[in-house]
>>> print(open('entry_6.cif').read())   # mmCIF, C-alpha atoms
data_work
#
loop_
_atom_site.group_PDB
_atom_site.id
_atom_site.type_symbol
_atom_site.label_atom_id
_atom_site.label_comp_id
_atom_site.auth_asym_id
_atom_site.auth_seq_id
_atom_site.Cartn_x
_atom_site.Cartn_y
_atom_site.Cartn_z
ATOM 1 C CA MET A 1161 68.089 8.284 -44.332
ATOM 2 C CA LYS A 1162 70.148 6.310 -41.882
ATOM 3 C CA LEU A 1163 69.230 2.667 -42.377
ATOM 4 C CA LEU A 1164 69.918 -0.567 -40.527
ATOM 5 C CA VAL A 1165 69.883 -3.553 -42.882
ATOM 6 C CA THR A 1166 70.015 -6.933 -41.156
ATOM 7 C CA GLY A 1167 71.201 -9.833 -43.288
ATOM 8 C CA ALA A 1168 73.062 -7.197 -45.307
ATOM 9 C CA CYS A 1169 75.640 -9.663 -46.623
ATOM 10 C CA GLY A 1170 73.082 -12.218 -47.768
ATOM 11 C CA TYR A 1171 71.671 -13.024 -51.205
ATOM 12 C CA LYS A 1172 69.286 -10.048 -51.313
ATOM 13 C CA GLY A 1173 71.302 -7.763 -49.056
ATOM 14 C CA SER A 1174 74.362 -7.927 -51.314
ATOM 15 C CA VAL A 1175 72.266 -6.470 -54.151
ATOM 16 C CA LEU A 1176 70.148 -4.114 -52.041
ATOM 17 C CA VAL A 1177 72.864 -2.348 -50.033
ATOM 18 C CA PRO A 1178 74.769 -0.952 -53.066
ATOM 19 C CA LYS A 1179 71.469 0.382 -54.447
ATOM 20 C CA LEU A 1180 70.695 2.129 -51.138
ATOM 21 C CA LEU A 1181 74.167 3.673 -51.095
ATOM 22 C CA ASN A 1182 73.737 4.879 -54.669
ATOM 23 C CA GLN A 1183 70.588 6.678 -53.558
ATOM 24 C CA GLY A 1184 72.559 8.542 -50.903
ATOM 25 C CA HIS A 1185 71.425 6.627 -47.817
ATOM 26 C CA GLU A 1186 73.715 5.905 -44.888
ATOM 27 C CA VAL A 1187 73.688 2.148 -44.288
ATOM 28 C CA ILE A 1188 74.629 0.062 -41.284
ATOM 29 C CA GLY A 1189 74.857 -3.538 -42.487
ATOM 30 C CA LEU A 1190 74.524 -6.211 -39.808
ATOM 31 C CA ASP A 1191 75.274 -9.810 -40.697
ATOM 32 C CA ILE A 1192 76.673 -12.890 -38.973
ATOM 33 C CA MET A 1193 78.580 -13.604 -42.223
ATOM 34 C CA TRP A 1194 78.135 -17.370 -42.280
ATOM 35 C CA PHE A 1195 78.556 -17.083 -46.048
ATOM 36 C CA GLY A 1196 81.073 -14.254 -46.140
ATOM 37 C CA ASN A 1197 80.887 -10.556 -46.991
ATOM 38 C CA PHE A 1198 80.735 -9.422 -50.619
ATOM 39 C CA LEU A 1199 79.882 -5.758 -50.006
ATOM 40 C CA LYS A 1200 82.396 -3.289 -51.386
ATOM 41 C CA PRO A 1201 83.654 -0.547 -49.039
ATOM 42 C CA HIS A 1202 81.793 2.765 -49.256
ATOM 43 C CA PRO A 1203 82.080 5.972 -47.193
ATOM 44 C CA ASN A 1204 78.408 5.710 -46.153
ATOM 45 C CA LEU A 1205 78.540 1.992 -45.315
ATOM 46 C CA THR A 1206 79.349 0.462 -41.940
ATOM 47 C CA VAL A 1207 79.424 -3.334 -41.970
ATOM 48 C CA ILE A 1208 79.152 -5.059 -38.604
ATOM 49 C CA GLN A 1209 79.753 -8.766 -38.160
ATOM 50 C CA GLY A 1210 77.245 -9.563 -35.458
ATOM 51 C CA ASP A 1211 74.405 -11.795 -34.382
ATOM 52 C CA VAL A 1212 70.905 -10.383 -34.744
ATOM 53 C CA ARG A 1213 70.002 -12.290 -31.575
ATOM 54 C CA ASP A 1214 72.387 -10.090 -29.546
ATOM 55 C CA ILE A 1215 69.914 -7.222 -29.264
ATOM 56 C CA ASP A 1216 71.992 -5.296 -26.707
ATOM 57 C CA ALA A 1217 74.823 -4.982 -29.242
ATOM 58 C CA ILE A 1218 72.590 -3.453 -31.922
ATOM 59 C CA ASP A 1219 72.892 0.340 -31.805
ATOM 60 C CA LEU A 1220 69.817 2.052 -33.221
ATOM 61 C CA THR A 1221 70.949 5.586 -32.416
ATOM 62 C CA GLY A 1222 69.775 7.894 -35.201
ATOM 63 C CA VAL A 1223 68.368 5.045 -37.307
ATOM 64 C CA ASP A 1224 65.399 6.194 -39.391
ATOM 65 C CA ALA A 1225 64.374 2.838 -40.815
ATOM 66 C CA ILE A 1226 65.148 -0.880 -40.510
ATOM 67 C CA ILE A 1227 65.092 -3.320 -43.420
ATOM 68 C CA HIS A 1228 65.015 -6.700 -41.703
ATOM 69 C CA LEU A 1229 66.236 -9.401 -44.097
ATOM 70 C CA SER A 1230 67.938 -11.601 -41.525
ATOM 71 C CA SER A 1231 66.662 -15.166 -41.124
ATOM 72 C CA VAL A 1232 67.654 -18.808 -41.446
ATOM 73 C CA ALA A 1233 66.637 -19.025 -45.082
ATOM 74 C CA ASN A 1234 64.569 -21.807 -46.680
ATOM 75 C CA ASP A 1235 62.779 -24.876 -45.346
ATOM 76 C CA PRO A 1236 65.654 -27.421 -45.193
ATOM 77 C CA CYS A 1237 67.951 -24.983 -43.363
ATOM 78 C CA GLY A 1238 65.158 -24.037 -40.983
ATOM 79 C CA ASP A 1239 64.550 -27.691 -40.160
ATOM 80 C CA LEU A 1240 68.262 -28.365 -39.635
ATOM 81 C CA ASP A 1241 68.225 -26.636 -36.244
ATOM 82 C CA PRO A 1242 64.677 -25.601 -35.266
ATOM 83 C CA GLN A 1243 65.810 -23.843 -32.090
ATOM 84 C CA LEU A 1244 68.261 -21.690 -34.039
ATOM 85 C CA THR A 1245 65.555 -20.918 -36.603
ATOM 86 C CA TRP A 1246 63.103 -19.738 -33.946
ATOM 87 C CA GLU A 1247 65.763 -17.693 -32.177
ATOM 88 C CA VAL A 1248 66.989 -15.950 -35.342
ATOM 89 C CA SER A 1249 63.794 -15.649 -37.354
ATOM 90 C CA ALA A 1250 61.178 -15.071 -34.639
ATOM 91 C CA LEU A 1251 62.655 -14.112 -31.260
ATOM 92 C CA ALA A 1252 65.250 -11.756 -32.723
ATOM 93 C CA THR A 1253 62.556 -10.117 -34.867
ATOM 94 C CA MET A 1254 60.443 -9.527 -31.767
ATOM 95 C CA GLN A 1255 63.382 -8.067 -29.839
ATOM 96 C CA LEU A 1256 64.414 -5.828 -32.717
ATOM 97 C CA ALA A 1257 60.884 -4.537 -33.265
ATOM 98 C CA ASP A 1258 60.473 -3.853 -29.547
ATOM 99 C CA LYS A 1259 63.759 -1.970 -29.340
ATOM 100 C CA ALA A 1260 62.992 -0.027 -32.506
ATOM 101 C CA ALA A 1261 59.640 1.105 -31.131
ATOM 102 C CA ARG A 1262 61.163 2.077 -27.781
ATOM 103 C CA VAL A 1263 63.932 4.240 -29.271
ATOM 104 C CA GLY A 1264 61.717 5.903 -31.868
ATOM 105 C CA VAL A 1265 62.656 4.249 -35.174
ATOM 106 C CA LYS A 1266 59.962 5.399 -37.596
ATOM 107 C CA ARG A 1267 59.987 2.658 -40.235
ATOM 108 C CA PHE A 1268 60.291 -1.129 -40.245
ATOM 109 C CA ILE A 1269 60.353 -3.127 -43.488
ATOM 110 C CA TYR A 1270 60.124 -6.872 -42.894
ATOM 111 C CA ALA A 1271 61.092 -9.577 -45.403
ATOM 112 C CA SER A 1272 58.593 -12.357 -44.771
ATOM 113 C CA SER A 1273 57.930 -15.153 -47.279
ATOM 114 C CA GLY A 1274 55.254 -16.195 -49.725
ATOM 115 C CA SER A 1275 55.547 -19.678 -48.224
ATOM 116 C CA VAL A 1276 53.593 -18.611 -45.100
ATOM 117 C CA TYR A 1277 50.387 -19.623 -46.892
ATOM 118 C CA GLY A 1278 51.306 -23.312 -46.898
ATOM 119 C CA VAL A 1279 49.520 -25.500 -49.447
ATOM 120 C CA LYS A 1280 46.660 -23.672 -51.151
ATOM 121 C CA ASP A 1281 44.212 -24.939 -53.751
ATOM 122 C CA GLU A 1282 43.085 -21.443 -54.685
ATOM 123 C CA PRO A 1283 44.325 -20.361 -58.141
ATOM 124 C CA GLN A 1284 44.899 -16.853 -56.766
ATOM 125 C CA VAL A 1285 46.652 -16.687 -53.396
ATOM 126 C CA THR A 1286 45.930 -13.241 -52.007
ATOM 127 C CA GLU A 1287 46.992 -11.569 -48.782
ATOM 128 C CA ASP A 1288 43.626 -12.148 -47.071
ATOM 129 C CA LEU A 1289 43.835 -15.957 -47.121
ATOM 130 C CA VAL A 1290 44.399 -17.899 -43.896
ATOM 131 C CA LEU A 1291 48.036 -18.750 -43.206
ATOM 132 C CA LYS A 1292 48.854 -22.429 -42.686
ATOM 133 C CA PRO A 1293 52.649 -22.587 -42.599
ATOM 134 C CA ILE A 1294 54.204 -26.049 -42.744
ATOM 135 C CA SER A 1295 57.907 -25.764 -41.962
ATOM 136 C CA GLU A 1296 59.804 -24.106 -39.125
ATOM 137 C CA TYR A 1297 60.891 -21.417 -41.595
ATOM 138 C CA ASN A 1298 57.296 -20.662 -42.636
ATOM 139 C CA LYS A 1299 56.070 -20.628 -39.045
ATOM 140 C CA THR A 1300 58.735 -18.210 -37.837
ATOM 141 C CA LYS A 1301 57.949 -15.843 -40.703
ATOM 142 C CA MET A 1302 54.252 -15.874 -39.769
ATOM 143 C CA VAL A 1303 55.107 -15.146 -36.135
ATOM 144 C CA GLY A 1304 57.433 -12.334 -37.230
ATOM 145 C CA GLU A 1305 54.591 -10.771 -39.201
ATOM 146 C CA ARG A 1306 52.214 -10.930 -36.252
ATOM 147 C CA VAL A 1307 54.780 -9.364 -33.961
ATOM 148 C CA LEU A 1308 55.438 -6.479 -36.327
ATOM 149 C CA LEU A 1309 51.761 -5.781 -36.946
ATOM 150 C CA SER A 1310 51.356 -5.330 -33.191
ATOM 151 C CA TYR A 1311 53.703 -2.314 -33.487
ATOM 152 C CA ALA A 1312 51.780 -0.681 -36.340
ATOM 153 C CA ASN A 1313 50.646 2.161 -34.058
ATOM 154 C CA ASP A 1314 54.229 2.895 -33.010
ATOM 155 C CA MET A 1315 55.970 2.940 -36.414
ATOM 156 C CA ILE A 1316 55.313 2.437 -40.116
ATOM 157 C CA VAL A 1317 55.258 -1.323 -40.709
ATOM 158 C CA GLN A 1318 55.701 -2.660 -44.242
ATOM 159 C CA ILE A 1319 55.701 -6.440 -44.728
ATOM 160 C CA VAL A 1320 56.697 -8.146 -47.973
ATOM 161 C CA ARG A 1321 55.906 -11.771 -48.799
ATOM 162 C CA PRO A 1322 58.349 -12.486 -51.630
ATOM 163 C CA ALA A 1323 58.036 -15.308 -54.091
ATOM 164 C CA THR A 1324 61.141 -17.384 -54.845
ATOM 165 C CA VAL A 1325 63.886 -14.927 -55.737
ATOM 166 C CA CYS A 1326 66.025 -15.583 -58.803
ATOM 167 C CA GLY A 1327 68.976 -13.956 -60.498
ATOM 168 C CA PHE A 1328 72.607 -13.154 -59.839
ATOM 169 C CA SER A 1329 73.977 -11.746 -56.597
ATOM 170 C CA PRO A 1330 77.596 -11.356 -55.446
ATOM 171 C CA ARG A 1331 76.488 -13.629 -52.563
ATOM 172 C CA MET A 1332 74.898 -16.147 -54.872
ATOM 173 C CA ARG A 1333 72.352 -18.821 -54.080
ATOM 174 C CA LEU A 1334 72.176 -21.937 -56.228
ATOM 175 C CA ASP A 1335 69.562 -23.717 -54.113
ATOM 176 C CA VAL A 1336 66.572 -21.813 -55.514
ATOM 177 C CA SER A 1337 64.777 -23.225 -58.544
ATOM 178 C CA VAL A 1338 65.698 -20.909 -61.436
ATOM 179 C CA ASN A 1339 69.315 -20.487 -60.365
ATOM 180 C CA MET A 1340 69.769 -24.183 -59.599
ATOM 181 C CA LEU A 1341 68.315 -25.477 -62.870
ATOM 182 C CA THR A 1342 70.362 -22.989 -64.879
ATOM 183 C CA MET A 1343 73.577 -24.057 -63.143
ATOM 184 C CA GLN A 1344 72.777 -27.741 -63.674
ATOM 185 C CA ALA A 1345 72.443 -27.124 -67.398
ATOM 186 C CA LEU A 1346 75.713 -25.195 -67.518
ATOM 187 C CA THR A 1347 77.812 -27.639 -65.497
ATOM 188 C CA LYS A 1348 76.253 -31.037 -66.218
ATOM 189 C CA GLY A 1349 74.449 -30.698 -69.516
ATOM 190 C CA LYS A 1350 71.517 -32.277 -67.710
ATOM 191 C CA ILE A 1351 68.663 -30.906 -65.601
ATOM 192 C CA THR A 1352 67.090 -33.237 -63.044
ATOM 193 C CA ILE A 1353 63.436 -32.402 -62.435
ATOM 194 C CA PHE A 1354 61.589 -33.887 -59.477
ATOM 195 C CA GLY A 1355 57.981 -34.053 -60.640
ATOM 196 C CA GLY A 1356 57.861 -30.917 -62.731
ATOM 197 C CA ASN A 1357 54.218 -29.907 -62.508
ATOM 198 C CA GLN A 1358 54.692 -28.011 -59.247
ATOM 199 C CA THR A 1359 54.109 -24.312 -59.733
ATOM 200 C CA ARG A 1360 56.415 -21.774 -58.135
ATOM 201 C CA PRO A 1361 55.985 -17.999 -58.037
ATOM 202 C CA ASN A 1362 59.143 -16.102 -58.908
ATOM 203 C CA ILE A 1363 60.596 -12.615 -58.593
ATOM 204 C CA HIS A 1364 63.872 -11.283 -59.972
ATOM 205 C CA ILE A 1365 66.391 -10.152 -57.379
ATOM 206 C CA ASP A 1366 66.503 -6.673 -58.917
ATOM 207 C CA ASP A 1367 62.748 -6.353 -58.518
ATOM 208 C CA ILE A 1368 62.596 -7.494 -54.889
ATOM 209 C CA THR A 1369 65.434 -5.145 -53.935
ATOM 210 C CA ASP A 1370 63.823 -2.311 -55.908
ATOM 211 C CA LEU A 1371 60.629 -3.016 -53.971
ATOM 212 C CA TYR A 1372 62.338 -2.415 -50.626
ATOM 213 C CA MET A 1373 63.597 0.925 -51.955
ATOM 214 C CA PHE A 1374 60.121 1.733 -53.306
ATOM 215 C CA LEU A 1375 58.675 1.170 -49.836
ATOM 216 C CA LEU A 1376 61.243 3.521 -48.305
ATOM 217 C CA ASP A 1377 59.912 6.222 -50.607
ATOM 218 C CA ARG A 1378 56.268 5.369 -49.902
ATOM 219 C CA PRO A 1379 55.486 5.557 -46.169
ATOM 220 C CA ASP A 1380 51.796 5.506 -47.102
ATOM 221 C CA VAL A 1381 52.123 1.927 -48.382
ATOM 222 C CA THR A 1382 51.694 -0.043 -45.169
ATOM 223 C CA GLY A 1383 50.633 -3.558 -44.250
ATOM 224 C CA ILE A 1384 51.286 -6.839 -46.052
ATOM 225 C CA TYR A 1385 52.073 -7.312 -49.744
ATOM 226 C CA ASN A 1386 52.708 -10.361 -51.892
ATOM 227 C CA ALA A 1387 55.616 -9.914 -54.303
ATOM 228 C CA GLY A 1388 55.719 -12.476 -57.104
ATOM 229 C CA PHE A 1389 54.998 -12.008 -60.776
ATOM 230 C CA GLU A 1390 55.562 -15.258 -62.649
ATOM 231 C CA ASN A 1391 53.730 -18.366 -61.459
ATOM 232 C CA ILE A 1392 55.315 -21.078 -63.588
ATOM 233 C CA SER A 1393 55.993 -24.776 -63.210
ATOM 234 C CA ILE A 1394 59.394 -26.289 -62.519
ATOM 235 C CA MET A 1395 59.173 -27.976 -65.931
ATOM 236 C CA GLU A 1396 58.530 -24.661 -67.636
ATOM 237 C CA ILE A 1397 61.535 -23.106 -65.864
ATOM 238 C CA ALA A 1398 63.700 -25.984 -67.152
ATOM 239 C CA GLN A 1399 62.326 -25.564 -70.658
ATOM 240 C CA ARG A 1400 63.210 -21.876 -70.569
ATOM 241 C CA VAL A 1401 66.744 -22.743 -69.458
ATOM 242 C CA VAL A 1402 67.339 -25.176 -72.334
ATOM 243 C CA ARG A 1403 66.423 -22.492 -74.854
ATOM 244 C CA HIS A 1404 69.739 -20.917 -73.926
ATOM 245 C CA VAL A 1405 71.811 -23.892 -72.744
ATOM 246 C CA PRO A 1406 71.291 -27.230 -74.512
ATOM 247 C CA ALA A 1407 70.697 -29.827 -71.805
ATOM 248 C CA GLU A 1408 68.930 -33.132 -71.278
ATOM 249 C CA LEU A 1409 65.773 -32.989 -69.132
ATOM 250 C CA VAL A 1410 65.536 -35.938 -66.739
ATOM 251 C CA VAL A 1411 62.219 -36.250 -64.912
ATOM 252 C CA THR A 1412 61.979 -38.324 -61.741
ATOM 253 C CA ALA A 1413 59.259 -38.864 -59.160
ATOM 254 C CA SER A 1414 58.809 -36.269 -56.444
ATOM 255 C CA ASN A 1415 57.567 -36.633 -52.883
ATOM 256 C CA ASP A 1416 56.851 -32.883 -52.789
ATOM 257 C CA PRO A 1417 53.717 -32.147 -54.850
ATOM 258 C CA ARG A 1418 53.222 -28.696 -53.307
ATOM 259 C CA SER A 1419 52.448 -25.821 -55.629
ATOM 260 C CA TYR A 1420 52.558 -22.154 -54.723
ATOM 261 C CA ARG A 1421 50.860 -19.379 -56.660
ATOM 262 C CA VAL A 1422 50.713 -15.818 -55.468
ATOM 263 C CA ASN A 1423 48.627 -12.891 -56.633
ATOM 264 C CA SER A 1424 50.378 -9.513 -56.385
ATOM 265 C CA ASP A 1425 47.564 -7.245 -57.573
ATOM 266 C CA LYS A 1426 47.548 -5.413 -54.231
ATOM 267 C CA LEU A 1427 51.192 -4.466 -54.692
ATOM 268 C CA LEU A 1428 50.725 -3.488 -58.349
ATOM 269 C CA ALA A 1429 47.903 -1.168 -57.267
ATOM 270 C CA THR A 1430 50.435 0.897 -55.288
ATOM 271 C CA GLY A 1431 52.253 1.781 -58.504
ATOM 272 C CA PHE A 1432 55.146 -0.636 -58.164
ATOM 273 C CA GLN A 1433 56.049 -2.352 -61.420
ATOM 274 C CA PRO A 1434 58.543 -5.216 -61.905
ATOM 275 C CA LYS A 1435 61.157 -4.663 -64.590
ATOM 276 C CA LYS A 1436 62.740 -8.098 -64.983
ATOM 277 C CA THR A 1437 61.706 -11.699 -65.578
ATOM 278 C CA VAL A 1438 62.788 -15.295 -65.042
ATOM 279 C CA GLU A 1439 64.160 -15.162 -68.577
ATOM 280 C CA ASP A 1440 66.388 -12.242 -67.578
ATOM 281 C CA ALA A 1441 67.633 -14.156 -64.526
ATOM 282 C CA ILE A 1442 68.531 -17.207 -66.630
ATOM 283 C CA GLN A 1443 70.440 -15.157 -69.195
ATOM 284 C CA GLU A 1444 72.284 -13.147 -66.530
ATOM 285 C CA ILE A 1445 73.405 -16.295 -64.695
ATOM 286 C CA ILE A 1446 74.621 -17.819 -67.961
ATOM 287 C CA ALA A 1447 76.607 -14.660 -68.758
ATOM 288 C CA LYS A 1448 78.178 -14.517 -65.274
ATOM 289 C CA TYR A 1449 79.136 -18.200 -65.466
ATOM 290 C CA ARG A 1450 80.649 -17.933 -68.926
ATOM 291 C CA SER A 1451 82.625 -14.838 -67.931
ATOM 292 C CA GLY A 1452 84.089 -16.731 -64.956
ATOM 293 C CA GLU A 1453 82.478 -14.417 -62.394
ATOM 294 C CA LEU A 1454 80.178 -17.196 -61.151
ATOM 295 C CA LYS A 1455 81.252 -20.736 -60.312
ATOM 296 C CA ASP A 1456 79.347 -23.746 -58.997
ATOM 297 C CA GLU A 1457 80.592 -23.654 -55.397
ATOM 298 C CA GLU A 1458 79.283 -25.343 -52.265
ATOM 299 C CA ARG A 1459 79.054 -22.046 -50.364
ATOM 300 C CA TRP A 1460 76.218 -21.016 -52.690
ATOM 301 C CA TYR A 1461 74.047 -23.879 -51.367
ATOM 302 C CA ASN A 1462 72.723 -22.838 -47.951
ATOM 303 C CA LEU A 1463 71.991 -26.294 -46.557
ATOM 304 C CA LYS A 1464 75.324 -27.836 -47.622
ATOM 305 C CA TRP A 1465 77.239 -24.886 -46.216
ATOM 306 C CA MET A 1466 75.367 -24.825 -42.916
ATOM 307 C CA GLN A 1467 75.831 -28.571 -42.504
ATOM 308 C CA GLN A 1468 79.561 -28.155 -43.061
ATOM 309 C CA LYS A 1469 79.748 -25.281 -40.585
ATOM 310 C CA SER A 1470 77.826 -27.161 -37.914
ATOM 311 C CA ALA A 1471 80.056 -30.241 -38.374
ATOM 312 C CA SER A 1472 83.306 -28.273 -38.172
#
>>> encode(input="entry_6.cif", output="structure tokens")
Amino acid sequence: MKLLVTGACGYKGSVLVPKLLNQGHEVIGLDIMWFGNFLKPHPNLTVIQGDVRDIDAIDLTGVDAIIHLSSVANDPCGDLDPQLTWEVSALATMQLADKAARVGVKRFIYASSGSVYGVKDEPQVTEDLVLKPISEYNKTKMVGERVLLSYANDMIVQIVRPATVCGFSPRMRLDVSVNMLTMQALTKGKITIFGGNQTRPNIHIDDITDLYMFLLDRPDVTGIYNAGFENISIMEIAQRVVRHVPAELVVTASNDPRSYRVNSDKLLATGFQPKKTVEDAIQEIIAKYRSGELKDEERWYNLKWMQQKSAS
């Protein structure tokens, strides 16, 4: 298939695109490259540095499917510039979906977020619960979902609500819980835990990228799917880290008591099975750090990097 992947140079895109190429797909990777480009050249890969908001510049000629990863990722970055967040994560999604439907693109896979639910007391957060997003990031993801569902009669729409992704990527992120706590242990010998009882659902980066490929092969699997397989507390993540890297655990008060738990039974019923765990992610990050392939750099922290870029 000929695929357009937006956000192709991002945390997930940098792992997904090589997998798509290995399966024989032709990939057009679109990314603004705020964080650089870590994709290796390939005869079936065209990388375009561009802005997803510039819909007229996006050529969908011959594109069979779109995997839309592009967004201003995470709550703090979304709140940094709300207008930018709405333009990139909501308006651009609407424009891209509209153009795709008009030119006859058959498939649209949308990376939403498990955070669209907001704060839930239910022990099992399933896809049929009411969405009460809190941040600009959450709200734009909800709007993106609604927009895409309105095109369900025009193309196959597959929406994924991922849990917090963990694990190594060539375009690393060290501002997500598992990755961040592991790096703190490696570089400081100390893990700072704010609260600790908050539960976070997690998914390994290999599993979330495998899921997008699974959906490409399963046009019958349509609609919205949670994707998270380990609902564990921040304290438990830290305790798993120190099994592999001796480190002091320092617990401080937190002003963020929110817990997120997702139930992914609907996805599992389609036949998709995760292959990796939080434990795998921790061990892989440790190995990459010790080999010198991964360093604790500011560009791996989205908020810090965006603040620097906006100030420069």
>>> resolve_selection(input="entry_6.cif", expression="the PyMOL selection byres ((chain A and resi 1316) around 6)", output="compact mmCIF listing (two decimals) with C-alpha atoms, in the frame of the given file")
# COMPACT_ATOMS: atom_id res chain seq x y z
CA ARG A 1267 59.99 2.66 -40.24
CA MET A 1315 55.97 2.94 -36.41
CA VAL A 1317 55.26 -1.32 -40.71
>>> closest_atom_pairs(input="entry_6.cif", of="segment 1223-1288 of chain A", to="segment 1419-1426 of chain A", cutoff="6 Å", atoms="only C-alpha atoms", output="Markdown table")
| residue | atom | partner | partner_atom | distance |
| --- | --- | --- | --- | --- |
| A:Gln1284 | CA | A:Asn1423 | CA | 5.4 |
| A:Val1285 | CA | A:Val1422 | CA | 4.6 |
| A:Thr1286 | CA | A:Asn1423 | CA | 5.4 |
>>> atom_distance(input="entry_6.cif", atom1="atom CA of Ile1392 of chain A", atom2="atom CA of Leu1334 of chain A")
18.4 Å
>>> atom_distance(input="entry_6.cif", atom1="atom CA of Gly1189 of chain A", atom2="atom CA of Ala1168 of chain A")
5.0 Å
>>> residues_around(input="entry_6.cif", residues="segment 1328-1330 of chain A", least_positions_apart="6", cutoff="8 Å", atoms="only C-alpha atoms", output="ChimeraX atom specification")
/A:1171-1172,1174-1175,1198,1365,1441,1444-1445,1448
>>> atom_distance(input="entry_6.cif", atom1="atom CA of Val1336 of chain A", atom2="atom CA of Tyr1461 of chain A")
8.8 Å
>>> closest_atom_pairs(input="entry_6.cif", of="segment 1172-1211 of chain A", to="segment 1239-1250 of chain A", cutoff="12 Å", atoms="only C-alpha atoms", output="CSV")
residue,atom,partner,partner_atom,distance
A:Asp1191,CA,A:Val1248,CA,11.6
A:Ile1192,CA,A:Val1248,CA,10.8
A:Asp1211,CA,A:Val1248,CA,8.6
>>> closest_atom_pairs(input="entry_6.cif", of="segment 1199-1293 of chain A", to="segment 1376-1384 of chain A", cutoff="12 Å", atoms="only C-alpha atoms", output="tab-separated table")
residue	atom	partner	partner_atom	distance
A:Asp1224	CA	A:Leu1376	CA	10.2
A:Ala1225	CA	A:Leu1376	CA	8.1
A:Ile1226	CA	A:Leu1376	CA	9.8
A:Ile1227	CA	A:Leu1376	CA	9.2
A:Lys1266	CA	A:Pro1379	CA	9.7
A:Arg1267	CA	A:Pro1379	CA	8.0
A:Phe1268	CA	A:Leu1376	CA	9.4
A:Ile1269	CA	A:Leu1376	CA	8.3
A:Tyr1270	CA	A:Ile1384	CA	9.4
A:Ala1271	CA	A:Ile1384	CA	10.2
A:Ser1272	CA	A:Ile1384	CA	9.2
A:Ser1273	CA	A:Ile1384	CA	10.7
A:Gly1274	CA	A:Ile1384	CA	10.8
A:Thr1286	CA	A:Ile1384	CA	10.3
A:Glu1287	CA	A:Ile1384	CA	6.9
A:Asp1288	CA	A:Ile1384	CA	9.4
A:Leu1289	CA	A:Ile1384	CA	11.8
>>> closest_residue(input="entry_6.cif", among="A:Ala1413, A:Ala1398, A:Arg1321, A:Arg1360", to="Tyr1385 of chain A", atoms="only C-alpha atoms")
A:Arg1321
>>> closest_residue(input="entry_6.cif", among="A:Val1401, A:Val1263, A:Ala1429, A:Ala1407", to="Met1340 of chain A", atoms="all atoms listed in the file")
A:Val1401
>>> residues_around(input="entry_6.cif", residues="Val1207 of chain A", least_positions_apart="2", cutoff="7 Å", atoms="only C-alpha atoms", output="list in words")
Ile1188, Gly1189, Leu1190, Leu1205 and Gln1209 of chain A
>>> write_last_selection(input="entry_6.cif", atoms="C-alpha atoms", output="mmCIF file, in the coordinates of the input")
data_model
loop_
_atom_site.group_PDB
_atom_site.id
_atom_site.type_symbol
_atom_site.label_atom_id
_atom_site.label_comp_id
_atom_site.auth_asym_id
_atom_site.auth_seq_id
_atom_site.Cartn_x
_atom_site.Cartn_y
_atom_site.Cartn_z
ATOM 1 C CA ILE A 1188 74.629 0.062 -41.284
ATOM 2 C CA GLY A 1189 74.857 -3.538 -42.487
ATOM 3 C CA LEU A 1190 74.524 -6.211 -39.808
ATOM 4 C CA LEU A 1205 78.540 1.992 -45.315
ATOM 5 C CA GLN A 1209 79.753 -8.766 -38.160
#
>>> closest_residue(input="entry_6.cif", among="A:Val1303, A:Ala1252, A:Val1338, A:Ala1217", to="Val1276 of chain A", atoms="all atoms listed in the file")
A:Val1303
>>> residues_around(input="entry_6.cif", residues="segment 1177-1184 of chain A", least_positions_apart="6", cutoff="8 Å", atoms="all atoms listed in the file", output="list in words")
Met1161, Val1165, Ala1168, Leu1199, His1202, Asn1204, Leu1205 and Met1373 of chain A
>>> write_last_selection(input="entry_6.cif", atoms="C-alpha atoms", output="PDB file, in the frame of the given file")
ATOM      1  CA  MET A1161      68.089   8.284 -44.332  1.00  0.00           C
ATOM      2  CA  VAL A1165      69.883  -3.553 -42.882  1.00  0.00           C
ATOM      3  CA  ALA A1168      73.062  -7.197 -45.307  1.00  0.00           C
ATOM      4  CA  LEU A1199      79.882  -5.758 -50.006  1.00  0.00           C
ATOM      5  CA  HIS A1202      81.793   2.765 -49.256  1.00  0.00           C
ATOM      6  CA  ASN A1204      78.408   5.710 -46.153  1.00  0.00           C
ATOM      7  CA  LEU A1205      78.540   1.992 -45.315  1.00  0.00           C
ATOM      8  CA  MET A1373      63.597   0.925 -51.955  1.00  0.00           C
TER       9      MET A1373
END
